[in-house]
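Pasting entry38.pdb here (PDB, C-alpha atoms):
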```pdb
ATOM      1  CA  MET P 188       3.544   0.075 -29.568
ATOM      2  CA  ALA P 189       2.752  -1.348 -32.974
ATOM      3  CA  LYS P 190       2.574   1.133 -35.875
ATOM      4  CA  TYR P 191      -0.902  -0.228 -36.603
ATOM      5  CA  ASP P 192      -2.116   1.140 -33.276
ATOM      6  CA  LEU P 193      -0.713   4.621 -33.885
ATOM      7  CA  ASP P 194      -2.298   4.805 -37.328
ATOM      8  CA  PHE P 195      -5.709   4.132 -35.860
ATOM      9  CA  ILE P 196      -5.564   6.474 -32.853
ATOM     10  CA  ALA P 197      -7.067   9.358 -34.856
ATOM     11  CA  GLU P 198      -9.950   7.112 -35.899
ATOM     12  CA  TRP P 199     -10.574   6.036 -32.315
ATOM     13  CA  GLU P 200     -10.387   9.660 -31.145
ATOM     14  CA  SER P 201     -13.139  10.611 -33.571
ATOM     15  CA  ALA P 202     -15.342   7.609 -32.840
ATOM     16  CA  MET P 203     -14.980   7.744 -29.057
ATOM     17  CA  ARG P 204     -14.871  11.554 -28.783
ATOM     18  CA  PHE P 205     -11.592  12.181 -26.973
ATOM     19  CA  ASP P 206      -8.304  13.940 -27.652
ATOM     20  CA  THR P 207      -5.230  11.957 -26.694
ATOM     21  CA  VAL P 208      -3.056  14.987 -25.929
ATOM     22  CA  ASP P 209      -5.576  17.456 -24.507
ATOM     23  CA  ASP P 210      -7.243  14.833 -22.309
ATOM     24  CA  GLY P 211      -3.953  13.319 -21.154
ATOM     25  CA  VAL P 212      -4.983   9.883 -22.362
ATOM     26  CA  GLN P 213      -2.748   6.967 -21.427
ATOM     27  CA  VAL P 214      -2.300   4.785 -24.519
ATOM     28  CA  ILE P 215      -1.756   1.232 -23.318
ATOM     29  CA  PRO P 216      -0.871  -1.916 -25.295
ATOM     30  CA  GLY P 217      -3.323  -4.690 -24.490
ATOM     31  CA  SER P 218      -0.461  -7.124 -23.959
ATOM     32  CA  ILE P 219       0.513  -5.407 -20.688
ATOM     33  CA  PHE P 220      -2.626  -6.664 -18.962
ATOM     34  CA  GLY P 221      -1.734 -10.283 -19.550
ATOM     35  CA  LYS P 222       1.731  -9.708 -18.101
ATOM     36  CA  VAL P 223       0.237  -8.151 -14.976
ATOM     37  CA  LEU P 224      -2.066 -11.120 -14.459
ATOM     38  CA  ALA P 225       0.786 -13.555 -15.052
ATOM     39  CA  ALA P 226       2.659 -11.967 -12.138
ATOM     40  CA  VAL P 227      -0.198 -12.413  -9.630
ATOM     41  CA  PRO P 228       0.142 -12.376  -6.663
ATOM     42  CA  TYR P 229       3.502 -10.659  -7.013
ATOM     43  CA  GLU P 230       2.525  -7.980  -9.508
ATOM     44  CA  GLY P 231       2.618  -5.326  -6.739
ATOM     45  CA  GLY P 232       2.345  -1.998  -8.525
ATOM     46  CA  ARG P 233       3.636  -3.227 -11.873
ATOM     47  CA  PHE P 234       0.612  -1.856 -13.721
ATOM     48  CA  PRO P 235       1.995   1.620 -14.455
ATOM     49  CA  TYR P 236      -1.273   3.329 -15.342
ATOM     50  CA  SER P 237      -3.763   5.266 -13.259
ATOM     51  CA  PRO P 238      -7.581   5.304 -13.323
ATOM     52  CA  LEU P 239      -7.304   9.007 -12.479
ATOM     53  CA  ARG P 240      -6.478   9.649 -16.154
ATOM     54  CA  PRO P 241      -8.290   8.321 -19.253
ATOM     55  CA  MET P 242      -6.952   5.090 -20.740
ATOM     56  CA  LEU P 243      -7.006   3.913 -24.342
ATOM     57  CA  ILE P 244      -6.207   0.211 -24.463
ATOM     58  CA  VAL P 245      -5.199  -0.857 -27.960
ATOM     59  CA  PHE P 246      -4.600  -4.185 -29.655
ATOM     60  CA  GLY P 247      -2.257  -4.777 -32.580
ATOM     61  CA  PRO P 248      -3.337  -6.537 -35.790
ATOM     62  CA  GLY P 249      -2.061  -9.895 -34.619
ATOM     63  CA  GLN P 250      -3.837  -9.549 -31.301
ATOM     64  CA  ILE P 251      -7.145  -8.720 -32.977
ATOM     65  CA  GLY P 252      -6.933 -11.676 -35.321
ATOM     66  CA  GLU P 253      -6.072 -14.028 -32.488
ATOM     67  CA  THR P 254      -8.625 -12.908 -29.935
ATOM     68  CA  GLY P 255     -12.027 -12.914 -31.585
ATOM     69  CA  GLN P 256     -14.520 -13.303 -28.758
ATOM     70  CA  PHE P 257     -13.403 -14.302 -25.239
ATOM     71  CA  GLY P 258      -9.756 -14.036 -26.289
ATOM     72  CA  SER P 259      -6.980 -14.085 -23.711
ATOM     73  CA  GLN P 260      -6.079 -10.411 -24.222
ATOM     74  CA  SER P 261      -9.609  -9.133 -23.688
ATOM     75  CA  VAL P 262     -10.105 -11.421 -20.691
ATOM     76  CA  ALA P 263      -6.910 -10.073 -19.127
ATOM     77  CA  VAL P 264      -8.033  -6.489 -19.770
ATOM     78  CA  ALA P 265     -11.399  -7.158 -18.129
ATOM     79  CA  ARG P 266      -9.845  -8.804 -15.080
ATOM     80  CA  VAL P 267      -7.301  -6.053 -14.448
ATOM     81  CA  LEU P 268      -9.827  -3.253 -15.008
ATOM     82  CA  ALA P 269     -12.249  -4.987 -12.643
ATOM     83  CA  ARG P 270      -9.641  -4.702  -9.911
ATOM     84  CA  LEU P 271      -8.963  -1.054 -10.738
ATOM     85  CA  ILE P 272     -12.441   0.394 -11.270
ATOM     86  CA  GLY P 273     -14.881  -2.477 -10.675
ATOM     87  CA  GLU P 274     -16.524  -4.958 -13.026
ATOM     88  CA  ASP P 275     -19.703  -2.851 -13.264
ATOM     89  CA  ALA P 276     -17.915   0.260 -14.530
ATOM     90  CA  GLU P 277     -18.836   1.385 -18.038
ATOM     91  CA  VAL P 278     -16.238   1.598 -20.814
ATOM     92  CA  GLU P 279     -16.353   2.181 -24.555
ATOM     93  CA  THR P 280     -15.158  -0.524 -26.901
ATOM     94  CA  CYS P 281     -14.375  -0.635 -30.591
ATOM     95  CA  GLY P 282     -15.031  -3.993 -32.218
ATOM     96  CA  ALA P 283     -16.757  -5.667 -35.126
ATOM     97  CA  ASP P 284     -19.973  -3.715 -34.453
ATOM     98  CA  GLY P 285     -18.230  -0.358 -34.121
ATOM     99  CA  VAL P 286     -18.132   1.705 -30.948
ATOM    100  CA  GLU P 287     -20.389   0.577 -28.123
ATOM    101  CA  THR P 288     -20.661   1.045 -24.371
ATOM    102  CA  CYS P 289     -20.387  -2.005 -22.165
ATOM    103  CA  LEU P 290     -19.528  -3.038 -18.633
ATOM    104  CA  VAL P 291     -15.983  -4.042 -17.778
ATOM    105  CA  ARG P 292     -17.033  -7.630 -17.168
ATOM    106  CA  ASP P 293     -18.494  -7.814 -20.692
ATOM    107  CA  ILE P 294     -15.341  -6.692 -22.522
ATOM    108  CA  PRO P 295     -14.420 -10.294 -23.507
ATOM    109  CA  LYS P 296     -17.778 -10.625 -25.285
ATOM    110  CA  ILE P 297     -16.850  -8.010 -27.900
ATOM    111  CA  TRP P 298     -15.962  -9.551 -31.259
ATOM    112  CA  TRP P 299     -12.728  -8.397 -32.927
ATOM    113  CA  LEU P 300     -11.923  -5.989 -30.122
ATOM    114  CA  SER P 301      -9.427  -3.349 -31.293
ATOM    115  CA  ALA P 302      -9.633  -0.722 -28.541
ATOM    116  CA  VAL P 303     -11.128   0.003 -25.125
ATOM    117  CA  TYR P 304     -11.535   3.561 -23.845
ATOM    118  CA  VAL P 305     -11.789   4.070 -20.079
ATOM    119  CA  ASP P 306     -12.776   7.517 -18.866
ATOM    120  CA  ALA P 307     -10.920   9.132 -15.972
ATOM    121  CA  VAL P 308     -12.329   8.533 -12.509
ATOM    122  CA  ASP P 309     -12.771  11.441 -10.101
ATOM    123  CA  PRO P 310     -11.259  10.409  -6.732
ATOM    124  CA  VAL P 311     -13.765  12.521  -4.800
ATOM    125  CA  LEU P 312     -16.939  11.850  -6.772
ATOM    126  CA  ASP P 313     -16.237   8.150  -7.203
ATOM    127  CA  ALA P 314     -13.780   7.127  -4.494
ATOM    128  CA  ALA P 315     -14.703   3.444  -4.731
ATOM    129  CA  LYS P 316     -13.470   3.264  -8.335
ATOM    130  CA  ALA P 317     -10.541   5.655  -8.012
ATOM    131  CA  GLY P 318      -9.342   4.153  -4.754
ATOM    132  CA  GLY P 319      -7.283   1.558  -6.567
ATOM    133  CA  ASP P 320      -4.726   4.304  -7.153
ATOM    134  CA  PRO P 321      -2.922   5.518  -3.995
ATOM    135  CA  ARG P 322      -2.941   9.039  -5.417
ATOM    136  CA  ALA P 323      -6.713   9.065  -5.030
ATOM    137  CA  LEU P 324      -6.445   8.936  -1.241
ATOM    138  CA  GLN P 325      -3.726  11.571  -1.410
ATOM    139  CA  GLN P 326      -6.084  13.905  -3.285
ATOM    140  CA  ILE P 327      -8.960  13.186  -0.903
ATOM    141  CA  VAL P 328      -6.825  14.001   2.141
ATOM    142  CA  ALA P 329      -5.532  17.186   0.512
ATOM    143  CA  ARG P 330      -9.133  18.222  -0.184
ATOM    144  CA  LEU P 331     -10.052  17.645   3.467
ATOM    145  CA  ARG P 332      -7.259  20.010   4.492
ATOM    146  CA  GLU P 333      -8.179  22.833   2.094
ATOM    147  CA  PRO P 334      -9.508  26.118   3.560
ATOM    148  CA  ASP P 335     -13.089  25.050   2.852
ATOM    149  CA  GLY P 336     -12.457  21.441   3.848
ATOM    150  CA  CYS P 337     -13.316  19.629   7.066
ATOM    151  CA  PRO P 338     -12.770  21.718  10.243
ATOM    152  CA  TRP P 339     -11.647  18.655  12.225
ATOM    153  CA  ASP P 340      -9.132  17.527   9.616
ATOM    154  CA  ARG P 341      -7.824  21.057   9.125
ATOM    155  CA  LYS P 342      -6.931  21.503  12.785
ATOM    156  CA  GLN P 343      -4.947  18.262  13.088
ATOM    157  CA  THR P 344      -1.194  18.344  13.679
ATOM    158  CA  HIS P 345       1.565  15.739  13.816
ATOM    159  CA  GLN P 346       1.170  15.623  17.586
ATOM    160  CA  SER P 347      -2.629  15.543  17.680
ATOM    161  CA  LEU P 348      -2.659  12.405  15.505
ATOM    162  CA  ARG P 349      -0.075  10.631  17.649
ATOM    163  CA  LYS P 350      -2.532   8.775  19.887
ATOM    164  CA  SER P 351      -4.718   7.804  16.934
ATOM    165  CA  MET P 352      -1.744   6.160  15.244
ATOM    166  CA  VAL P 353      -0.961   4.151  18.367
ATOM    167  CA  ASP P 354      -4.616   3.154  18.751
ATOM    168  CA  GLU P 355      -4.859   2.101  15.105
ATOM    169  CA  THR P 356      -1.758  -0.051  15.523
ATOM    170  CA  TYR P 357      -3.463  -1.936  18.339
ATOM    171  CA  GLU P 358      -6.597  -2.342  16.223
ATOM    172  CA  ILE P 359      -4.501  -3.751  13.381
ATOM    173  CA  VAL P 360      -2.946  -6.253  15.779
ATOM    174  CA  ASP P 361      -6.397  -7.217  17.077
ATOM    175  CA  ALA P 362      -7.589  -7.761  13.506
ATOM    176  CA  ILE P 363      -4.568  -9.964  12.805
ATOM    177  CA  ASP P 364      -5.180 -11.984  15.950
ATOM    178  CA  SER P 365      -8.871 -12.399  15.101
ATOM    179  CA  GLY P 366      -8.086 -13.919  11.708
ATOM    180  CA  ASP P 367     -10.687 -11.620  10.129
ATOM    181  CA  THR P 368      -8.917 -10.466   6.965
ATOM    182  CA  ALA P 369     -11.742  -8.133   5.909
ATOM    183  CA  HIS P 370     -11.377  -6.387   9.260
ATOM    184  CA  LEU P 371      -7.607  -6.301   8.764
ATOM    185  CA  ALA P 372      -8.010  -4.600   5.376
ATOM    186  CA  GLU P 373     -10.266  -1.992   6.972
ATOM    187  CA  GLU P 374      -7.835  -1.283   9.804
ATOM    188  CA  LEU P 375      -4.880  -1.040   7.426
ATOM    189  CA  GLY P 376      -6.911   1.536   5.505
ATOM    190  CA  ASP P 377      -7.442   3.547   8.684
ATOM    191  CA  MET P 378      -3.701   3.559   9.312
ATOM    192  CA  LEU P 379      -2.999   4.502   5.703
ATOM    193  CA  LEU P 380      -5.318   7.477   6.107
ATOM    194  CA  LEU P 381      -3.340   8.646   9.132
ATOM    195  CA  ILE P 382      -0.068   8.238   7.246
ATOM    196  CA  MET P 383      -1.442  10.284   4.352
ATOM    197  CA  MET P 384      -2.682  12.898   6.814
ATOM    198  CA  GLN P 385       0.731  13.162   8.472
ATOM    199  CA  ALA P 386       2.376  13.542   5.067
ATOM    200  CA  GLN P 387      -0.128  16.197   3.983
ATOM    201  CA  ILE P 388       0.446  18.189   7.180
ATOM    202  CA  ALA P 389       4.189  17.994   6.545
ATOM    203  CA  HIS P 390       3.746  18.979   2.895
ATOM    204  CA  GLU P 391       1.784  22.083   3.863
ATOM    205  CA  ALA P 392       4.551  23.071   6.287
ATOM    206  CA  GLY P 393       7.294  22.474   3.718
ATOM    207  CA  GLU P 394       8.770  19.603   5.749
ATOM    208  CA  PHE P 395       8.358  16.615   3.416
ATOM    209  CA  SER P 396       5.806  15.066   1.075
ATOM    210  CA  ILE P 397       4.297  11.622   0.643
ATOM    211  CA  GLU P 398       6.620  11.222  -2.350
ATOM    212  CA  ASP P 399       9.556  11.704   0.023
ATOM    213  CA  VAL P 400       8.103   8.954   2.204
ATOM    214  CA  TYR P 401       7.795   6.627  -0.797
ATOM    215  CA  ARG P 402      11.310   7.411  -2.002
ATOM    216  CA  GLY P 403      12.840   7.017   1.428
ATOM    217  CA  ILE P 404      11.357   3.638   2.263
ATOM    218  CA  ALA P 405      11.926   2.290  -1.261
ATOM    219  CA  ALA P 406      15.607   3.246  -1.174
ATOM    220  CA  LYS P 407      15.995   1.857   2.341
ATOM    221  CA  ILE P 408      14.465  -1.528   1.556
ATOM    222  CA  VAL P 409      16.388  -1.951  -1.697
ATOM    223  CA  GLY P 410      19.582  -0.999   0.115
ATOM    224  CA  ARG P 411      18.926  -3.551   2.850
ATOM    225  CA  HIS P 412      18.329  -6.363   0.365
ATOM    226  CA  PRO P 413      21.417  -6.512  -1.867
ATOM    227  CA  HIS P 414      20.873 -10.287  -2.037
ATOM    228  CA  VAL P 415      17.585  -9.617  -3.862
ATOM    229  CA  PHE P 416      18.299  -6.406  -5.773
ATOM    230  CA  GLY P 417      22.078  -6.698  -6.075
ATOM    231  CA  ASP P 418      24.896  -9.209  -6.305
ATOM    232  CA  ALA P 419      25.227 -10.228  -2.651
ATOM    233  CA  VAL P 420      24.951 -13.945  -1.895
ATOM    234  CA  VAL P 421      23.172 -15.281   1.178
ATOM    235  CA  ASP P 422      23.693 -18.884   2.245
ATOM    236  CA  THR P 423      22.798 -18.740   5.932
ATOM    237  CA  GLU P 424      20.723 -16.683   8.339
ATOM    238  CA  ALA P 425      23.995 -15.346   9.721
ATOM    239  CA  ASP P 426      24.834 -14.006   6.248
ATOM    240  CA  LEU P 427      21.433 -12.352   6.085
ATOM    241  CA  SER P 428      21.828 -10.802   9.524
ATOM    242  CA  GLY P 429      25.261  -9.504   8.592
ATOM    243  CA  ILE P 430      23.991  -7.893   5.394
ATOM    244  CA  TRP P 431      21.129  -6.265   7.286
ATOM    245  CA  SER P 432      23.424  -4.910  10.016
ATOM    246  CA  GLU P 433      25.916  -3.599   7.474
ATOM    247  CA  ALA P 434      23.168  -1.828   5.542
ATOM    248  CA  LYS P 435      21.787  -0.220   8.699
ATOM    249  CA  ALA P 436      25.275   0.925   9.683
ATOM    250  CA  LYS P 437      25.689   2.588   6.278
ATOM    251  CA  GLU P 438      22.346   4.335   6.701
ATOM    252  CA  LYS P 439      23.308   5.592  10.141
ATOM    253  CA  ALA P 440      26.610   6.908   8.792
ATOM    254  CA  VAL P 441      24.623   9.060   6.372
ATOM    255  CA  THR P 442      21.678  10.101   8.546
ATOM    256  CA  GLY P 443      23.370  10.099  11.950
ATOM    257  CA  ASP P 444      21.650   9.262  15.228
ATOM    258  CA  ARG P 445      18.221  10.847  15.030
ATOM    259  CA  GLY P 446      17.348  10.202  18.670
ATOM    260  CA  GLY P 447      14.078   8.839  19.996
ATOM    261  CA  LYS P 448      15.764   5.608  21.110
ATOM    262  CA  ASP P 449      17.640   4.500  24.206
ATOM    263  CA  ILE P 450      21.218   3.258  24.332
ATOM    264  CA  ASP P 451      20.101  -0.162  23.086
ATOM    265  CA  GLY P 452      18.264   1.276  20.102
ATOM    266  CA  GLU P 453      14.771   0.680  21.488
ATOM    267  CA  PRO P 454      12.189   3.482  21.019
ATOM    268  CA  PHE P 455      11.454   5.454  24.187
ATOM    269  CA  SER P 456       7.730   5.490  23.408
ATOM    270  CA  MET P 457       7.513   1.694  23.178
ATOM    271  CA  PRO P 458       5.148   0.176  25.790
ATOM    272  CA  ALA P 459       7.141  -0.426  28.969
ATOM    273  CA  LEU P 460       6.640  -4.196  29.095
ATOM    274  CA  GLU P 461       7.765  -4.693  25.497
ATOM    275  CA  ARG P 462      10.730  -2.401  25.992
ATOM    276  CA  ALA P 463      11.684  -4.200  29.213
ATOM    277  CA  THR P 464      11.500  -7.542  27.400
ATOM    278  CA  ARG P 465      13.866  -6.387  24.677
ATOM    279  CA  VAL P 466      16.315  -4.764  27.087
ATOM    280  CA  LEU P 467      16.336  -7.750  29.449
ATOM    281  CA  LYS P 468      17.099 -10.139  26.600
ATOM    282  CA  LYS P 469      20.339  -8.215  26.152
ATOM    283  CA  HIS P 470      20.949  -7.345  29.801
ATOM    284  CA  PRO P 471      19.237  -9.869  32.108
ATOM    285  CA  VAL P 472      18.863  -9.101  35.803
ATOM    286  CA  VAL P 473      21.492 -10.860  37.913
ATOM    287  CA  VAL P 474      21.250 -11.906  41.551
ATOM    288  CA  ASP P 475      22.991  -8.912  43.072
ATOM    289  CA  ASP P 476      21.267  -6.316  40.880
ATOM    290  CA  ASP P 477      19.580  -3.595  42.897
ATOM    291  CA  THR P 478      16.315  -3.593  40.982
ATOM    292  CA  THR P 479      12.580  -3.868  41.511
ATOM    293  CA  GLU P 480      10.652  -7.077  42.026
ATOM    294  CA  LEU P 481       8.608  -6.331  38.912
ATOM    295  CA  LEU P 482      11.718  -6.119  36.752
ATOM    296  CA  ARG P 483      13.034  -9.330  38.313
ATOM    297  CA  LEU P 484       9.769 -11.081  37.454
ATOM    298  CA  VAL P 485       9.892  -9.893  33.842
ATOM    299  CA  SER P 486      13.527 -10.957  33.590
ATOM    300  CA  LYS P 487      12.640 -14.406  34.929
ATOM    301  CA  ILE P 488       9.924 -14.854  32.290
ATOM    302  CA  VAL P 489      12.301 -13.701  29.549
ATOM    303  CA  ALA P 490      14.949 -16.156  30.766
ATOM    304  CA  SER P 491      12.399 -18.976  30.546
ATOM    305  CA  GLY P 492      11.978 -18.277  26.844
ATOM    306  CA  GLU P 493       8.438 -16.953  27.125
ATOM    307  CA  ASP P 494       7.110 -13.571  26.070
ATOM    308  CA  PRO P 495       6.088 -11.544  29.161
ATOM    309  CA  ASP P 496       3.462  -9.647  27.182
ATOM    310  CA  ALA P 497       1.878 -12.881  25.937
ATOM    311  CA  VAL P 498       1.957 -14.357  29.450
ATOM    312  CA  LEU P 499       0.336 -11.281  30.968
ATOM    313  CA  ARG P 500      -2.208 -11.064  28.156
ATOM    314  CA  GLN P 501      -3.259 -14.691  28.655
ATOM    315  CA  GLN P 502      -3.503 -14.302  32.416
ATOM    316  CA  LEU P 503      -5.580 -11.156  31.929
ATOM    317  CA  ARG P 504      -7.948 -13.018  29.589
ATOM    318  CA  GLU P 505      -8.361 -15.738  32.194
ATOM    319  CA  HIS P 506      -8.963 -13.151  34.915
ATOM    320  CA  VAL P 507     -11.629 -11.379  32.852
ATOM    321  CA  ALA P 508     -13.262 -14.712  32.024
ATOM    322  CA  ARG P 509     -13.503 -15.544  35.718
ATOM    323  CA  GLN P 510     -15.270 -12.253  36.388
ATOM    324  CA  SER P 511     -17.974 -12.856  33.785
TER     325      SER P 511
END
```
How does the structure come out when it is put into structure tokens?
Amino acid sequence: MAKYDLDFIAEWESAMRFDTVDDGVQVIPGSIFGKVLAAVPYEGGRFPYSPLRPMLIVFGPGQIGETGQFGSQSVAVARVLARLIGEDAEVETCGADGVETCLVRDIPKIWWLSAVYVDAVDPVLDAAKAGGDPRALQQIVARLREPDGCPWDRKQTHQSLRKSMVDETYEIVDAIDSGDTAHLAEELGDMLLLIMMQAQIAHEAGEFSIEDVYRGIAAKIVGRHPHVFGDAVVDTEADLSGIWSEAKAKEKAVTGDRGGKDIDGEPFSMPALERATRVLKKHPVVVDDDTTELLRLVSKIVASGEDPDAVLRQQLREHVARQS
């Protein structure tokens, strides 16, 4: 951060009535916001600050002189904050007219903007604003599970939420198939809630935490993509498949076989038709196999190159349509 910014923090503290240390204020260079916007739509989590703590956004001397009103830095700040806490949220700004309160969307209108102070958002009292930070949902779920929380949420277990997770998966698929992206966002949120709930239950029992979940999947995905995050070179799909298989083999060597899958690696709890489709692709029914007619029929559909589930689903739609 520019020395100019540090010299003026005490002045901003006095004018805007906050204490950087005691209030845990995040001091943020204004230039970061432009970089985040420049990365859209691939910025994914690159904004390393949370609305759950106060933010002081500061601009160096050069930035102030260059921005004036409707400058690129202040526009970037307004756009990023709008995504985090909403364009109608109130913030304090320090500009040519001193300290004044304005809405996020009006930040670019401030002449000679030198600082923006954003108060912390309470994830429970103002979930809509705080929800842009995944830790907000984590805190909300933890609150639900507290002794004086919600009786229904408190009595849930890993097993009791099992069916809900399966049901939500189907609802996500339905939303995808419908093409309704607003519905898809809602259903993904429902699944995220269940994931957070499972992690909170585990955390209370000393099994694992949501941070363990984050760490585990991040390490796994980076490890499986050495062609993106490392030096591996991929020229063909065969190369890609080989890298993926090698990475999974390394993981298994460390974690061992955790069970829950059959000899072909398919989950036991997978719907029977889907599981049969996957198994029969590897081991098709032959003429002299002593098997059921149903399995023979599924194998025949698989051999034709069609998806048995899709075929059955379409025939079921047609059957229902004929009944109406």
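Selection check: the PyMOL selection byres ((chain P and resi 198-205) around 8) on the shown file gives Phe195, Ile196, Ala197, Asp206, Thr207, Asp210, Glu279, Cys281, Val286, Ala302 and Tyr304 of chain P.
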### Length of the atom CA of P:Ser237 to atom CA of P:Glu277 vector [Å]
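Separation of atom CA of P:Ser237 and atom CA of P:Glu277: 16.3 Å.
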### Query
atom CA of P:Val353 and atom CA of P:Gly336, how far apart in Å?
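Straight-line distance from atom CA of P:Gly336 to atom CA of P:Val353 works out to 25.3 Å.
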### Task
Counting all atoms listed in the file, note down every residue that has an atom within 10 Å of the point (-14.0, 6.9, -20.5) (file coordinates), as JSON, numbers by chain.
{"P": [203, 204, 205, 212, 238, 240, 241, 242, 243, 276, 277, 278, 279, 280, 288, 303, 304, 305, 306, 307, 308]}
### Task
Evaluate the PyMOL selection byres ((chain P and resi 327) around 12) and record the selected residues as number ranges by chain, following the chain and residue labels used in the document.
P: 309-315, 317-318, 320-326, 328-333, 336-337, 340, 380, 383-384, 387
### Given the PyMOL selection byres ((chain P and resi 424-436) around 9), the residues it picks as a list of chain:residue names
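Checking the PyMOL selection byres ((chain P and resi 424-436) around 9) against this file, the residues are P:Lys407, P:Gly410, P:Arg411, P:His412, P:Pro413, P:His414, P:Ala419, P:Val420, P:Val421, P:Asp422, P:Thr423, P:Lys437, P:Glu438, P:Lys439, P:Ala440, P:Val441.
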Box time for stretch 241-246 of chain P: axis-aligned, enclosing all its listed atoms, 5 Å extra on each side; report centre and edge lengths in Å to one decimal, as AutoDock Vina command-line options.
```
--center_x -6.4 --center_y 2.1 --center_z -24.5 --size_x 13.7 --size_y 22.5 --size_z 20.4
```
### Message
Between atom CA of P:Glu355 and atom CA of P:Ala386, what distance in Å does the model show, to one decimal?
### Response
16.9 Å
### Message
Neighbouring residues of P:Leu499 were defined as those with any atom within 12 Å, considering only C-alpha atoms; residues of the same chain fewer than 3 positions away were excluded. Please report them as a list in words.
### Response
Leu460, Glu461, Leu484, Val485, Ile488, Glu493, Asp494, Pro495, Asp496, Gln502, Leu503, Arg504, Glu505 and His506 of chain P
Reconstructed stretch 345-350 of chain P, atom set all heavy atoms, as a PDB file, in the coordinates of the input:
```pdb
ATOM      1  N   HIS P 345       0.816  16.985  13.614  1.00  0.00           N
ATOM      2  CA  HIS P 345       1.565  15.739  13.816  1.00  0.00           C
ATOM      3  C   HIS P 345       1.274  15.180  15.211  1.00  0.00           C
ATOM      4  O   HIS P 345       1.008  13.987  15.380  1.00  0.00           O
ATOM      5  CB  HIS P 345       3.070  15.999  13.696  1.00  0.00           C
ATOM      6  CG  HIS P 345       3.530  16.328  12.312  1.00  0.00           C
ATOM      7  ND1 HIS P 345       3.160  15.596  11.211  1.00  0.00           N
ATOM      8  CD2 HIS P 345       4.355  17.309  11.853  1.00  0.00           C
ATOM      9  CE1 HIS P 345       3.729  16.108  10.128  1.00  0.00           C
ATOM     10  NE2 HIS P 345       4.450  17.151  10.491  1.00  0.00           N
ATOM     11  N   GLN P 346       1.313  16.062  16.197  1.00  0.00           N
ATOM     12  CA  GLN P 346       1.170  15.623  17.586  1.00  0.00           C
ATOM     13  C   GLN P 346      -0.255  15.188  17.909  1.00  0.00           C
ATOM     14  O   GLN P 346      -0.466  14.215  18.639  1.00  0.00           O
ATOM     15  CB  GLN P 346       1.598  16.752  18.533  1.00  0.00           C
ATOM     16  CG  GLN P 346       1.768  16.335  19.987  1.00  0.00           C
ATOM     17  CD  GLN P 346       2.898  15.344  20.197  1.00  0.00           C
ATOM     18  OE1 GLN P 346       3.836  15.310  19.410  1.00  0.00           O
ATOM     19  NE2 GLN P 346       2.816  14.541  21.238  1.00  0.00           N
ATOM     20  N   SER P 347      -1.242  15.884  17.347  1.00  0.00           N
ATOM     21  CA  SER P 347      -2.629  15.543  17.680  1.00  0.00           C
ATOM     22  C   SER P 347      -3.030  14.170  17.143  1.00  0.00           C
ATOM     23  O   SER P 347      -3.948  13.537  17.669  1.00  0.00           O
ATOM     24  CB  SER P 347      -3.587  16.612  17.137  1.00  0.00           C
ATOM     25  OG  SER P 347      -3.683  16.535  15.721  1.00  0.00           O
ATOM     26  N   LEU P 348      -2.342  13.711  16.098  1.00  0.00           N
ATOM     27  CA  LEU P 348      -2.659  12.405  15.505  1.00  0.00           C
ATOM     28  C   LEU P 348      -1.857  11.271  16.133  1.00  0.00           C
ATOM     29  O   LEU P 348      -2.051  10.103  15.784  1.00  0.00           O
ATOM     30  CB  LEU P 348      -2.393  12.433  13.998  1.00  0.00           C
ATOM     31  CG  LEU P 348      -3.297  13.353  13.174  1.00  0.00           C
ATOM     32  CD1 LEU P 348      -2.830  13.382  11.728  1.00  0.00           C
ATOM     33  CD2 LEU P 348      -4.752  12.915  13.256  1.00  0.00           C
ATOM     34  N   ARG P 349      -0.971  11.628  17.055  1.00  0.00           N
ATOM     35  CA  ARG P 349      -0.075  10.631  17.649  1.00  0.00           C
ATOM     36  C   ARG P 349      -0.842   9.487  18.304  1.00  0.00           C
ATOM     37  O   ARG P 349      -0.588   8.310  18.040  1.00  0.00           O
ATOM     38  CB  ARG P 349       0.832  11.320  18.675  1.00  0.00           C
ATOM     39  CG  ARG P 349       1.784  10.404  19.418  1.00  0.00           C
ATOM     40  CD  ARG P 349       2.598  11.221  20.420  1.00  0.00           C
ATOM     41  NE  ARG P 349       3.529  10.386  21.154  1.00  0.00           N
ATOM     42  CZ  ARG P 349       3.217   9.671  22.219  1.00  0.00           C
ATOM     43  NH1 ARG P 349       1.968   9.679  22.675  1.00  0.00           N
ATOM     44  NH2 ARG P 349       4.129   8.940  22.832  1.00  0.00           N
ATOM     45  N   LYS P 350      -1.792   9.815  19.171  1.00  0.00           N
ATOM     46  CA  LYS P 350      -2.532   8.775  19.887  1.00  0.00           C
ATOM     47  C   LYS P 350      -3.357   7.924  18.924  1.00  0.00           C
ATOM     48  O   LYS P 350      -3.465   6.705  19.093  1.00  0.00           O
ATOM     49  CB  LYS P 350      -3.444   9.396  20.944  1.00  0.00           C
ATOM     50  CG  LYS P 350      -4.166   8.357  21.813  1.00  0.00           C
ATOM     51  CD  LYS P 350      -5.000   9.011  22.889  1.00  0.00           C
ATOM     52  CE  LYS P 350      -5.625   7.961  23.799  1.00  0.00           C
ATOM     53  NZ  LYS P 350      -6.481   7.005  23.059  1.00  0.00           N
TER      54      LYS P 350
END
```
